[in-house]
Amino acid sequence: MNFLQNNLIYCIPALGLVGIIVMMIKSAWVNRQDAGDQNMQELAGHIADGAMAFLKAEWKVLSIFAVFTAALLAYSGTITEIKGIPMHSSWIISISFIIGAVFSATAGYIGMKSATKANVRTTQAARTSLKNALKVSFTGGTVMGLGVAGLAVLGLGGLFIVFLKHFNVVSVNSTEMKTAIEVLTGFSLGAESIALFARVGGGIYTKAADVGADLVGKVEAGIPEDDVRNPATIADNVGDNVGDVAGMGADLFGSYVATILATMVLGQEINVTDNFGGMSPILLPMVICGLGIIFSIIGTWFVTIKDEKSNVQNALNLGNWSSIVITAVASFFIVKWMLPETLNLRGYEFSSINVFYAIIVGLVVGTIMSVVTEYFTAMGKGPVNSIIQQSSTGHATNIIAGLSVGMKSTVIPILVLAGGIMASYHFAGLYGVAIAAAGMMATTAMQLAIDAFGPIADNAGGIAEMSQLPPEVRERTDNLDAVGNTTAATGKGFAIASAALTSLALFAAFVGIAGITAIDIYKAPVLAGLFVGGMIPFIFSALCIQAVGKAAMDMVQEVRRQFREIPGIMEYKAKPEYEKCVAISTKASIREMMMPGAIALITPVIVGFTFGPEVLGGLLAGVTVTGVLMGIFQSNAGGAWDNAKKSFEQGVMINGEMHYKKSEPHKASVTGDTVGDPFKDTSGPSMNILIKLMSIVSLVIAPYIAVKAIEGEHKQEVRKEIRIEQKTDALGNIKTDTLINTTDTLSR
């Protein structure tokens with residue numbers, strides 16, 4: 001036990017390494033599976049080539065951004081003091097930033113490679129049984145989940161050890177420790193920056209292709225969604241990977257790192273006597289998340305089915321629940337072993353068992369958010385059925401119903417988040433809020449495995465359709481795809497919940513480093529900042545949706561041109577020019593992702609250095625509240641519209657009459673799905689990264705703008721009071737007047 005206590009910090013990156021090793025084993029297993037006939041492999045090759053073409057184009061642009069930002073961070077790290085106040089940073093923060101950016105990009109690359117290998121192998125497995133198809137698709141998703149979590153824990157834990165050694169940290173309260181953690185924030189900034197562009201760029205790519213394929217192929221030409229004759233179908237399948245796989249991987253990689261980092265920043269403020277040199281509050285989030293990788297691996301063992309009639313959703317739920325329960329049980333023993341009996345953060349005293357309760361709160365919040373999201377977006381449930389029923393009266397009523405479902409879906413999640421924030425704070429103060437987010441993120445590997453399974457199954461169905469395989473193959477892939485739509489929606493619910501708690505933890509860390517004790521919205525500048533912050537998610541969403549609209553118009557024109565100018569496409573006598581549609585999506589996504597990214601990165605810097613930390617705090621509060629609401633609303637509305645459309649493929653009952661594909665209500669549902677596509681896959685999920693990235697940027701610049709707050713605290717005001725003391729005799733006459741001058745020095 002003494003050996004473990006003395007070397008616990010080295011076990012953290014080792015846990016990340018275990019995740020990567022298991023990922024490599026599972027990836028090798030996927031690669032060994034049968035990839036099908038020559039035609040299937042050719043189609044899968046087009047998808048893989050398109051995905052890699054997008055990544056290379058994106059990396060080329062982001063490398064310029066990364067070098068420029070790293071240079072700025074390196075310069076800021078050379079500033080040792082501002083107006084006599086020491087800065088606890090170093091030029092090494094630029095290296096930390098680069099490593100975070102590279103790891104985030106690598107996480108997306110791992111997911112992309114895994115998905116494009118697993119999709120065609122899932123199609124081939126579906127020719128034999130549903131059980132085999134699930135095994136291949138879920139294992140492909142597991143590769144991504146373990147890759148993301150493993151890289152995050154390895155990178156963060158490894159860099160922390162390096163920085164402790166480099167800066168000669170001897171105690172938790174030393175300036176060297178502050179420097180080490182400040183430099184470590186660069187890793188999170190790099191991760192979140194790449195995640196934003198990956199999510200926004202990937203979302204624009206996938207929805208431009210999807211909308212173009214739907215409007216021309218399904219509505220105008222009347223051919224199936226993944227018909228090989230549709231020129232946009234390859235770009236559509238590529239989009240599933242760059243948006244829902246690489247984008248989601250980078251998103252949760254950023255959340256994972258930011259959550260741990262925020263908890264470490266707050267933990268550094270806690271003075272404790274323990275067996276870890278006073279570092280137990282700092283190490284705890286890394287230990288929980290590192291062990292969460294092991295528990296997620298165990299959870300994957302439960303994801304299996306017996307036969308064709310088995311419920312795939314139940315199998316995934318069993319794996320998810322098992323990893324959550326194991327994490328909850330293990331957290332009790334970890335907390336009791338690591339933390340002393342009592343802790344104190346900023347005057348709030350709490351016990352170690354209360355920290356455990358806060359972790360349980362985080363796990364419960366994440367679970368409830370996923371369940372609620374599933375209810376509002378799953379086929380067969382009330383919200384989706386309401387959209388189906390209102391599709392009978394046309395396109396407009398379908399849109400109205402979807403918007404209504406999305407707005408109503410914000411109520412329970414927000415109440416759950418509010419309750420979770422209050423409960424975790426009650427148990428362990430601000431540290432409780434941060435460790436609750438860490439508890440929620442502990443099973444990220446499992447959550448991502450379930451989430452990535454969906455796009456793999458979707459691609460598998462597309463390849464089956466394009467290869468014109470027997471109907472039973474498409475039935476099996478459709479079964480997986482239908483579940484995948486729900487898991488994708490629940491994954492987005494989990495992501496927005498984690499982003500909300502992570503942002504609050506980052507916000508608390510920012511307040512401490514910026515040197516402010518309160519944010520007073522009664523002050524006009526702060527209130528103005530609150531309103532501006534509330535506006536940012538709207539303009540951010542508008543730019544994302546507008547980008548999808550522009551790119552989709554180009555895609556529609558190109559698909560129409562090919563149908564018009566290439567004879568024989570509809571008769572299978574000529575092949576469409578898939579690469580031109582892929583190029584349209586790639587160019588549009590790279591071009592249009594710049595402005596939303598600039599808003600997220602530059603706004604906190606301008607506000608912070610111009611108006612100070614308190615106004616910036618108001619801005620962050622507005623962004624967080626509106627961003628969470630917009631994220632939930634858009635993701636759930638889009639998910640509900642999507643599954644309402646898919647319900648018609650199986651047949652739905654409206655007013656006693658069955659309706660199927662190509663019916664008028666189905667056409668209305670396609671319109672709703674087209675509107676919902678950029679909601680659920682572009683602007684909605686991007687809200688997660690927007691609120692986290694702005695908080696991370698604020699945390700990085702906090703030491704430099706804290707000077708304003710510290711100067712403000714030293715401004716003094718002199719108040720003079722004059723009291724007249726009167727004494728009277730028995731007849732009421734004034735005998736003496738005493739003039740008393742009282743001078744008080746007040747701190748503003």
# chains A, B, ... in the order shown; residues from 1 in each chain; ligands from 1

$ select_by_dssp --residues "region 274-474 of chain A" --states "strand (DSSP E or B)" --output "list in words"
Thr342, Leu343, Asn344, Leu345, Tyr348, Glu349, Phe350 and Ser351 of chain A

$ write_last_selection --atoms "all heavy atoms" --output "mmCIF file, in the first residue's frame"
data_model
loop_
_atom_site.group_PDB
_atom_site.id
_atom_site.type_symbol
_atom_site.label_atom_id
_atom_site.label_comp_id
_atom_site.auth_asym_id
_atom_site.auth_seq_id
_atom_site.Cartn_x
_atom_site.Cartn_y
_atom_site.Cartn_z
ATOM 1 N N THR A 342 -11.627 15.755 6.665
ATOM 2 C CA THR A 342 -12.235 17.064 6.422
ATOM 3 C C THR A 342 -11.385 17.879 5.450
ATOM 4 O O THR A 342 -10.153 17.778 5.441
ATOM 5 C CB THR A 342 -12.395 17.865 7.734
ATOM 6 O OG1 THR A 342 -11.105 18.032 8.345
ATOM 7 C CG2 THR A 342 -13.327 17.140 8.691
ATOM 8 N N LEU A 343 -12.081 18.686 4.635
ATOM 9 C CA LEU A 343 -11.420 19.552 3.666
ATOM 10 C C LEU A 343 -12.093 20.912 3.704
ATOM 11 O O LEU A 343 -13.246 21.034 4.165
ATOM 12 C CB LEU A 343 -11.506 18.975 2.249
ATOM 13 C CG LEU A 343 -10.942 17.562 2.014
ATOM 14 C CD1 LEU A 343 -12.045 16.524 2.187
ATOM 15 C CD2 LEU A 343 -10.354 17.444 0.607
ATOM 16 N N ASN A 344 -11.392 21.925 3.181
ATOM 17 C CA ASN A 344 -11.952 23.279 3.189
ATOM 18 C C ASN A 344 -11.517 24.000 1.920
ATOM 19 O O ASN A 344 -10.337 24.057 1.593
ATOM 20 C CB ASN A 344 -11.460 24.043 4.422
ATOM 21 C CG ASN A 344 -12.175 25.377 4.595
ATOM 22 O OD1 ASN A 344 -12.078 26.259 3.754
ATOM 23 N ND2 ASN A 344 -12.884 25.519 5.698
ATOM 24 N N LEU A 345 -12.508 24.536 1.197
ATOM 25 C CA LEU A 345 -12.225 25.315 -0.008
ATOM 26 C C LEU A 345 -12.956 26.648 0.067
ATOM 27 O O LEU A 345 -14.193 26.679 0.133
ATOM 28 C CB LEU A 345 -12.661 24.556 -1.266
ATOM 29 C CG LEU A 345 -12.538 25.319 -2.597
ATOM 30 C CD1 LEU A 345 -11.081 25.684 -2.869
ATOM 31 C CD2 LEU A 345 -13.095 24.504 -3.743
ATOM 32 N N TYR A 348 -15.542 26.970 2.734
ATOM 33 C CA TYR A 348 -16.616 25.957 2.767
ATOM 34 C C TYR A 348 -16.001 24.630 3.208
ATOM 35 O O TYR A 348 -15.175 24.057 2.514
ATOM 36 C CB TYR A 348 -17.256 25.805 1.393
ATOM 37 C CG TYR A 348 -18.591 25.084 1.409
ATOM 38 C CD1 TYR A 348 -19.788 25.798 1.395
ATOM 39 C CD2 TYR A 348 -18.649 23.699 1.452
ATOM 40 C CE1 TYR A 348 -21.009 25.139 1.414
ATOM 41 C CE2 TYR A 348 -19.868 23.038 1.479
ATOM 42 C CZ TYR A 348 -21.040 23.764 1.456
ATOM 43 O OH TYR A 348 -22.251 23.106 1.484
ATOM 44 N N GLU A 349 -16.415 24.144 4.382
ATOM 45 C CA GLU A 349 -15.853 22.911 4.929
ATOM 46 C C GLU A 349 -16.734 21.718 4.571
ATOM 47 O O GLU A 349 -17.963 21.800 4.618
ATOM 48 C CB GLU A 349 -15.707 23.031 6.450
ATOM 49 C CG GLU A 349 -14.909 21.893 7.073
ATOM 50 C CD GLU A 349 -14.542 22.163 8.521
ATOM 51 O OE1 GLU A 349 -13.778 23.121 8.773
ATOM 52 O OE2 GLU A 349 -15.029 21.415 9.389
ATOM 53 N N PHE A 350 -16.091 20.621 4.202
ATOM 54 C CA PHE A 350 -16.842 19.416 3.841
ATOM 55 C C PHE A 350 -15.993 18.189 4.163
ATOM 56 O O PHE A 350 -14.780 18.294 4.398
ATOM 57 C CB PHE A 350 -17.231 19.437 2.357
ATOM 58 C CG PHE A 350 -16.094 19.721 1.422
ATOM 59 C CD1 PHE A 350 -15.368 18.692 0.828
ATOM 60 C CD2 PHE A 350 -15.732 21.031 1.118
ATOM 61 C CE1 PHE A 350 -14.314 18.951 -0.039
ATOM 62 C CE2 PHE A 350 -14.672 21.303 0.253
ATOM 63 C CZ PHE A 350 -13.959 20.260 -0.324
ATOM 64 N N SER A 351 -16.639 17.025 4.169
ATOM 65 C CA SER A 351 -15.952 15.784 4.521
ATOM 66 C C SER A 351 -15.658 14.960 3.273
ATOM 67 O O SER A 351 -16.204 15.214 2.199
ATOM 68 C CB SER A 351 -16.815 14.964 5.493
ATOM 69 O OG SER A 351 -18.003 14.549 4.847
#

$ residues_around --residues "region 297-311 of chain A" --least-positions-apart "2" --cutoff "10 Å" --atoms "only C-alpha atoms" --output "count of residues only"
42

$ closest_residue --among "A:Val559, A:Met687, A:Leu154, A:Val143" --to "Leu629 (chain A)" --atoms "only C-alpha atoms"
A:Met687

$ select_by_dssp --residues "region 238-439 of chain A" --states "alpha helix (DSSP H)" --output "PyMOL selection string"
chain A and resi 238-241+248-267+280-300+312-338+352-377+382-390+395-408+411-439

$ atom_distance --atom1 "CA of Ile82 (chain A)" --atom2 "CA of Tyr704 (chain A)"
7.5 Å

$ closest_atom_pairs --of "region 173-194 of chain A" --to "region 58-71 of chain A" --cutoff "10 Å" --atoms "only C-alpha atoms" --output "Markdown table"
| residue | atom | partner | partner_atom | distance |
| --- | --- | --- | --- | --- |
| A:Gly186 | CA | A:Ala70 | CA | 9.1 |
| A:Gly190 | CA | A:Ala66 | CA | 7.9 |
| A:Ser193 | CA | A:Ala66 | CA | 8.8 |
| A:Ile194 | CA | A:Leu62 | CA | 7.4 |

$ closest_residue --among "A:Gly247, A:Gly432, A:Pro340, A:Gly439" --to "Thr327 (chain A)" --atoms "only C-alpha atoms"
A:Gly439

$ residues_around --residues "region 552-558 of chain A" --least-positions-apart "2" --cutoff "10 Å" --atoms "only C-alpha atoms" --output "ChimeraX atom specification"
/A:204-217,231-232,235,546-550,560-564,577,580-585,588

$ write_last_selection --atoms "N, CA, C and O atoms" --output "tab-separated table (two decimals), in the first residue's frame"
chain	number	residue	atom	x	y	z
A	204	ILE	N	-20.77	20.98	-40.49
A	204	ILE	CA	-21.12	21.64	-41.76
A	204	ILE	C	-20.97	20.65	-42.91
A	204	ILE	O	-21.82	20.57	-43.80
A	205	TYR	N	-19.88	19.89	-42.88
A	205	TYR	CA	-19.62	18.90	-43.93
A	205	TYR	C	-20.76	17.90	-44.04
A	205	TYR	O	-21.35	17.70	-45.12
A	206	THR	N	-21.08	17.25	-42.91
A	206	THR	CA	-22.05	16.16	-42.96
A	206	THR	C	-23.44	16.64	-43.33
A	206	THR	O	-24.16	15.97	-44.08
A	207	LYS	N	-23.83	17.81	-42.86
A	207	LYS	CA	-25.21	18.25	-43.13
A	207	LYS	C	-25.35	18.86	-44.51
A	207	LYS	O	-26.42	18.80	-45.11
A	208	ALA	N	-24.29	19.45	-45.05
A	208	ALA	CA	-24.35	19.93	-46.43
A	208	ALA	C	-24.60	18.76	-47.37
A	208	ALA	O	-25.43	18.83	-48.28
A	209	ALA	N	-23.87	17.66	-47.14
A	209	ALA	CA	-24.03	16.47	-47.98
A	209	ALA	C	-25.40	15.83	-47.75
A	209	ALA	O	-26.08	15.42	-48.70
A	210	ASP	N	-25.80	15.75	-46.48
A	210	ASP	CA	-27.06	15.07	-46.14
A	210	ASP	C	-28.26	15.82	-46.71
A	210	ASP	O	-29.16	15.22	-47.32
A	211	VAL	N	-28.27	17.13	-46.53
A	211	VAL	CA	-29.39	17.93	-47.05
A	211	VAL	C	-29.45	17.86	-48.57
A	211	VAL	O	-30.51	17.69	-49.17
A	212	GLY	N	-28.28	17.98	-49.21
A	212	GLY	CA	-28.25	17.89	-50.68
A	212	GLY	C	-28.72	16.54	-51.18
A	212	GLY	O	-29.49	16.45	-52.15
A	213	ALA	N	-28.28	15.46	-50.51
A	213	ALA	CA	-28.69	14.11	-50.91
A	213	ALA	C	-30.18	13.91	-50.72
A	213	ALA	O	-30.85	13.28	-51.56
A	214	ASP	N	-30.73	14.44	-49.63
A	214	ASP	CA	-32.16	14.25	-49.34
A	214	ASP	C	-33.04	15.03	-50.31
A	214	ASP	O	-34.00	14.50	-50.86
A	215	LEU	N	-32.71	16.32	-50.52
A	215	LEU	CA	-33.59	17.17	-51.31
A	215	LEU	C	-33.67	16.73	-52.76
A	215	LEU	O	-34.74	16.77	-53.37
A	216	VAL	N	-32.55	16.33	-53.34
A	216	VAL	CA	-32.56	15.93	-54.75
A	216	VAL	C	-32.84	14.45	-54.90
A	216	VAL	O	-33.70	14.04	-55.68
A	217	GLY	N	-32.11	13.63	-54.13
A	217	GLY	CA	-32.25	12.19	-54.30
A	217	GLY	C	-33.60	11.66	-53.85
A	217	GLY	O	-34.32	11.02	-54.63
A	231	PRO	N	-25.31	11.10	-56.43
A	231	PRO	CA	-23.91	11.57	-56.40
A	231	PRO	C	-23.45	12.02	-55.01
A	231	PRO	O	-22.25	12.00	-54.74
A	232	ALA	N	-24.41	12.42	-54.15
A	232	ALA	CA	-24.03	12.94	-52.83
A	232	ALA	C	-23.97	11.86	-51.76
A	232	ALA	O	-23.65	12.16	-50.61
A	235	ALA	N	-20.49	11.42	-50.08
A	235	ALA	CA	-20.22	12.57	-49.21
A	235	ALA	C	-21.07	12.50	-47.94
A	235	ALA	O	-20.61	12.85	-46.85
A	546	GLN	N	-26.36	28.81	-41.30
A	546	GLN	CA	-26.20	29.51	-42.58
A	546	GLN	C	-25.16	28.83	-43.44
A	546	GLN	O	-25.33	28.70	-44.67
A	547	ALA	N	-24.08	28.37	-42.82
A	547	ALA	CA	-23.03	27.67	-43.56
A	547	ALA	C	-23.56	26.39	-44.18
A	547	ALA	O	-23.24	26.06	-45.34
A	548	VAL	N	-24.38	25.65	-43.42
A	548	VAL	CA	-24.99	24.43	-43.96
A	548	VAL	C	-25.88	24.77	-45.14
A	548	VAL	O	-25.87	24.09	-46.17
A	549	GLY	N	-26.66	25.85	-45.00
A	549	GLY	CA	-27.55	26.26	-46.09
A	549	GLY	C	-26.80	26.60	-47.36
A	549	GLY	O	-27.17	26.17	-48.46
A	550	LYS	N	-25.71	27.36	-47.22
A	550	LYS	CA	-24.91	27.73	-48.39
A	550	LYS	C	-24.31	26.50	-49.07
A	550	LYS	O	-24.38	26.33	-50.29
A	560	ARG	N	-28.08	17.94	-59.09
A	560	ARG	CA	-28.99	18.15	-60.22
A	560	ARG	C	-28.23	18.15	-61.54
A	560	ARG	O	-28.69	17.58	-62.54
A	561	ARG	N	-27.05	18.78	-61.55
A	561	ARG	CA	-26.25	18.82	-62.77
A	561	ARG	C	-25.88	17.41	-63.23
A	561	ARG	O	-25.98	17.08	-64.43
A	562	GLN	N	-25.46	16.59	-62.27
A	562	GLN	CA	-25.04	15.24	-62.65
A	562	GLN	C	-26.23	14.42	-63.16
A	562	GLN	O	-26.10	13.67	-64.13
A	563	PHE	N	-27.38	14.54	-62.51
A	563	PHE	CA	-28.56	13.84	-63.00
A	563	PHE	C	-28.92	14.29	-64.42
A	563	PHE	O	-29.39	13.51	-65.25
A	564	ARG	N	-28.68	15.58	-64.68
A	564	ARG	CA	-29.07	16.17	-65.95
A	564	ARG	C	-28.05	15.88	-67.06
A	564	ARG	O	-28.43	15.61	-68.21
A	577	GLU	N	-20.21	11.20	-60.26
A	577	GLU	CA	-18.90	11.76	-59.90
A	577	GLU	C	-18.92	12.10	-58.40
A	577	GLU	O	-19.11	13.25	-58.01
A	580	LYS	N	-16.69	14.99	-56.69
A	580	LYS	CA	-17.04	16.42	-56.79
A	580	LYS	C	-17.92	16.85	-55.62
A	580	LYS	O	-17.79	17.96	-55.11
A	581	CYS	N	-18.83	15.97	-55.20
A	581	CYS	CA	-19.67	16.29	-54.04
A	581	CYS	C	-18.84	16.29	-52.76
A	581	CYS	O	-19.06	17.13	-51.87
A	582	VAL	N	-17.89	15.36	-52.67
A	582	VAL	CA	-16.99	15.34	-51.51
A	582	VAL	C	-16.19	16.64	-51.44
A	582	VAL	O	-16.02	17.24	-50.37
A	583	ALA	N	-15.72	17.12	-52.59
A	583	ALA	CA	-14.93	18.36	-52.64
A	583	ALA	C	-15.76	19.56	-52.20
A	583	ALA	O	-15.26	20.45	-51.51
A	584	ILE	N	-17.03	19.59	-52.61
A	584	ILE	CA	-17.91	20.72	-52.23
A	584	ILE	C	-18.06	20.79	-50.72
A	584	ILE	O	-17.92	21.86	-50.11
A	585	SER	N	-18.34	19.65	-50.08
A	585	SER	CA	-18.50	19.63	-48.63
A	585	SER	C	-17.21	20.00	-47.92
A	585	SER	O	-17.22	20.72	-46.92
A	588	ALA	N	-16.47	23.84	-48.35
A	588	ALA	CA	-17.44	24.65	-47.61
A	588	ALA	C	-17.20	24.59	-46.11
A	588	ALA	O	-17.25	25.60	-45.41

$ atom_distance --atom1 "CA of Ala101 (chain A)" --atom2 "CA of Leu693 (chain A)"
12.9 Å

$ residues_around --residues "Asp478 (chain A)" --least-positions-apart "2" --cutoff "9 Å" --atoms "only C-alpha atoms" --output "list in words"
Ala457, Asp458, Ala460, Gly461, Val473, Arg474, Glu475, Arg476, Leu480, Asp481, Ala482 and Val483 of chain A

$ residues_around --residues "Glu192 (chain A)" --least-positions-apart "6" --cutoff "10 Å" --atoms "only C-alpha atoms" --output "number ranges by chain"
A: 97, 100-101, 104, 186, 198, 250-255, 257-258, 689-690, 692-694, 696-697

$ write_last_selection --atoms "N, CA and C atoms" --output "PDB file, in the first residue's frame"
ATOM      1  N   PHE A  97       0.080  23.560 -25.194  1.00  0.00           N
ATOM      2  CA  PHE A  97      -1.010  23.817 -26.141  1.00  0.00           C
ATOM      3  C   PHE A  97      -0.875  22.946 -27.386  1.00  0.00           C
ATOM      4  N   GLY A 100      -1.732  19.352 -26.635  1.00  0.00           N
ATOM      5  CA  GLY A 100      -3.187  19.196 -26.506  1.00  0.00           C
ATOM      6  C   GLY A 100      -3.871  19.181 -27.858  1.00  0.00           C
ATOM      7  N   ALA A 101      -3.435  20.069 -28.758  1.00  0.00           N
ATOM      8  CA  ALA A 101      -4.018  20.124 -30.100  1.00  0.00           C
ATOM      9  C   ALA A 101      -3.733  18.844 -30.873  1.00  0.00           C
ATOM     10  N   SER A 104      -5.790  15.954 -29.457  1.00  0.00           N
ATOM     11  CA  SER A 104      -7.195  16.076 -29.845  1.00  0.00           C
ATOM     12  C   SER A 104      -7.394  15.644 -31.294  1.00  0.00           C
ATOM     13  N   GLY A 186      -2.776  25.019 -20.889  1.00  0.00           N
ATOM     14  CA  GLY A 186      -2.519  25.080 -22.326  1.00  0.00           C
ATOM     15  C   GLY A 186      -2.922  23.798 -23.031  1.00  0.00           C
ATOM     16  N   ALA A 198     -13.185  20.917 -35.306  1.00  0.00           N
ATOM     17  CA  ALA A 198     -13.563  19.575 -35.759  1.00  0.00           C
ATOM     18  C   ALA A 198     -15.074  19.398 -35.704  1.00  0.00           C
ATOM     19  N   ALA A 250     -13.415  14.466 -30.610  1.00  0.00           N
ATOM     20  CA  ALA A 250     -12.674  15.661 -30.194  1.00  0.00           C
ATOM     21  C   ALA A 250     -13.453  16.440 -29.133  1.00  0.00           C
ATOM     22  N   ASP A 251     -14.785  16.463 -29.258  1.00  0.00           N
ATOM     23  CA  ASP A 251     -15.650  17.156 -28.304  1.00  0.00           C
ATOM     24  C   ASP A 251     -15.479  16.573 -26.907  1.00  0.00           C
ATOM     25  N   LEU A 252     -15.674  15.264 -26.772  1.00  0.00           N
ATOM     26  CA  LEU A 252     -15.593  14.648 -25.452  1.00  0.00           C
ATOM     27  C   LEU A 252     -14.156  14.548 -24.954  1.00  0.00           C
ATOM     28  N   PHE A 253     -13.183  14.502 -25.861  1.00  0.00           N
ATOM     29  CA  PHE A 253     -11.789  14.586 -25.435  1.00  0.00           C
ATOM     30  C   PHE A 253     -11.570  15.920 -24.717  1.00  0.00           C
ATOM     31  N   GLY A 254     -12.088  16.999 -25.315  1.00  0.00           N
ATOM     32  CA  GLY A 254     -11.951  18.311 -24.700  1.00  0.00           C
ATOM     33  C   GLY A 254     -12.669  18.405 -23.371  1.00  0.00           C
ATOM     34  N   SER A 255     -13.892  17.865 -23.293  1.00  0.00           N
ATOM     35  CA  SER A 255     -14.649  17.874 -22.033  1.00  0.00           C
ATOM     36  C   SER A 255     -13.906  17.104 -20.953  1.00  0.00           C
ATOM     37  N   VAL A 257     -10.694  16.444 -20.631  1.00  0.00           N
ATOM     38  CA  VAL A 257      -9.505  17.149 -20.160  1.00  0.00           C
ATOM     39  C   VAL A 257      -9.891  18.381 -19.345  1.00  0.00           C
ATOM     40  N   ALA A 258     -10.852  19.161 -19.844  1.00  0.00           N
ATOM     41  CA  ALA A 258     -11.242  20.397 -19.161  1.00  0.00           C
ATOM     42  C   ALA A 258     -11.829  20.114 -17.782  1.00  0.00           C
ATOM     43  N   ILE A 689     -18.899  22.868 -27.059  1.00  0.00           N
ATOM     44  CA  ILE A 689     -17.512  23.330 -27.162  1.00  0.00           C
ATOM     45  C   ILE A 689     -17.440  24.844 -27.036  1.00  0.00           C
ATOM     46  N   LEU A 690     -18.455  25.533 -27.518  1.00  0.00           N
ATOM     47  CA  LEU A 690     -18.473  26.994 -27.405  1.00  0.00           C
ATOM     48  C   LEU A 690     -18.345  27.425 -25.948  1.00  0.00           C
ATOM     49  N   LYS A 692     -17.417  25.675 -23.307  1.00  0.00           N
ATOM     50  CA  LYS A 692     -16.196  25.196 -22.653  1.00  0.00           C
ATOM     51  C   LYS A 692     -14.984  25.989 -23.128  1.00  0.00           C
ATOM     52  N   LEU A 693     -14.907  26.236 -24.427  1.00  0.00           N
ATOM     53  CA  LEU A 693     -13.735  26.925 -24.966  1.00  0.00           C
ATOM     54  C   LEU A 693     -13.645  28.352 -24.444  1.00  0.00           C
ATOM     55  N   MET A 694     -14.774  29.048 -24.374  1.00  0.00           N
ATOM     56  CA  MET A 694     -14.741  30.416 -23.849  1.00  0.00           C
ATOM     57  C   MET A 694     -14.320  30.433 -22.385  1.00  0.00           C
ATOM     58  N   ILE A 696     -12.320  28.140 -20.996  1.00  0.00           N
ATOM     59  CA  ILE A 696     -10.893  27.800 -20.966  1.00  0.00           C
ATOM     60  C   ILE A 696     -10.040  29.011 -21.345  1.00  0.00           C
ATOM     61  N   VAL A 697     -10.454  29.727 -22.384  1.00  0.00           N
ATOM     62  CA  VAL A 697      -9.718  30.938 -22.784  1.00  0.00           C
ATOM     63  C   VAL A 697      -9.692  31.934 -21.623  1.00  0.00           C
TER      64      VAL A 697
END

$ atom_distance --atom1 "CA of Ile691 (chain A)" --atom2 "CA of Ala191 (chain A)"
13.9 Å

$ closest_residue --among "A:Gly639, A:Gly484, A:Gly512, A:Pro281" --to "Phe453 (chain A)" --atoms "only C-alpha atoms"
A:Gly484

$ closest_residue --among "A:Val433, A:Val183, A:Ala518, A:Ile387" --to "Thr259 (chain A)" --atoms "only C-alpha atoms"
A:Val433

$ closest_residue --among "A:Asn119, A:Ser498, A:Asn31, A:Gln389" --to "Gly420 (chain A)" --atoms "only C-alpha atoms"
A:Ser498

$ closest_residue --among "A:Val148, A:Ile539, A:Ala44, A:Met52" --to "Gly627 (chain A)" --atoms "only C-alpha atoms"
A:Ile539

$ residues_around --residues "Pro678 (chain A)" --least-positions-apart "2" --cutoff "8 Å" --atoms "only C-alpha atoms" --output "list in words"
Gly203, Ile204, Lys207, Cys544, Ile545, Val548, Gly638, Thr674, Val675, Gly676, Lys680, Asp681, Thr682, Ser683 and Gly684 of chain A

$ closest_atom_pairs --of "region 392-478 of chain A" --to "region 499-508 of chain A" --cutoff "10 Å" --atoms "only C-alpha atoms" --output "CSV"
residue,atom,partner,partner_atom,distance
A:Ile414,CA,A:Ala500,CA,9.9
A:Leu417,CA,A:Ala500,CA,8.0
A:Ala418,CA,A:Leu501,CA,9.9
A:Gly420,CA,A:Leu501,CA,8.9
A:Ile421,CA,A:Leu501,CA,7.6
A:Leu430,CA,A:Ala508,CA,6.8
A:Tyr431,CA,A:Ala505,CA,7.9
A:Gly432,CA,A:Ala505,CA,9.1
A:Val433,CA,A:Ala505,CA,6.3
A:Ala434,CA,A:Ala505,CA,4.8
A:Ile435,CA,A:Ala505,CA,8.6
A:Ala436,CA,A:Leu501,CA,7.7
A:Ala437,CA,A:Leu501,CA,5.4
A:Ala438,CA,A:Thr502,CA,8.2
A:Met440,CA,A:Leu501,CA,9.1
A:Met441,CA,A:Thr502,CA,9.5

$ residues_around --residues "Ser370 (chain A)" --least-positions-apart "4" --cutoff "12 Å" --atoms "only C-alpha atoms" --output "MDAnalysis selection string"
chainID A and resid 317 320:321 363:366 374:378 409 412:413 416 440 447 450:451 486:498 632 636
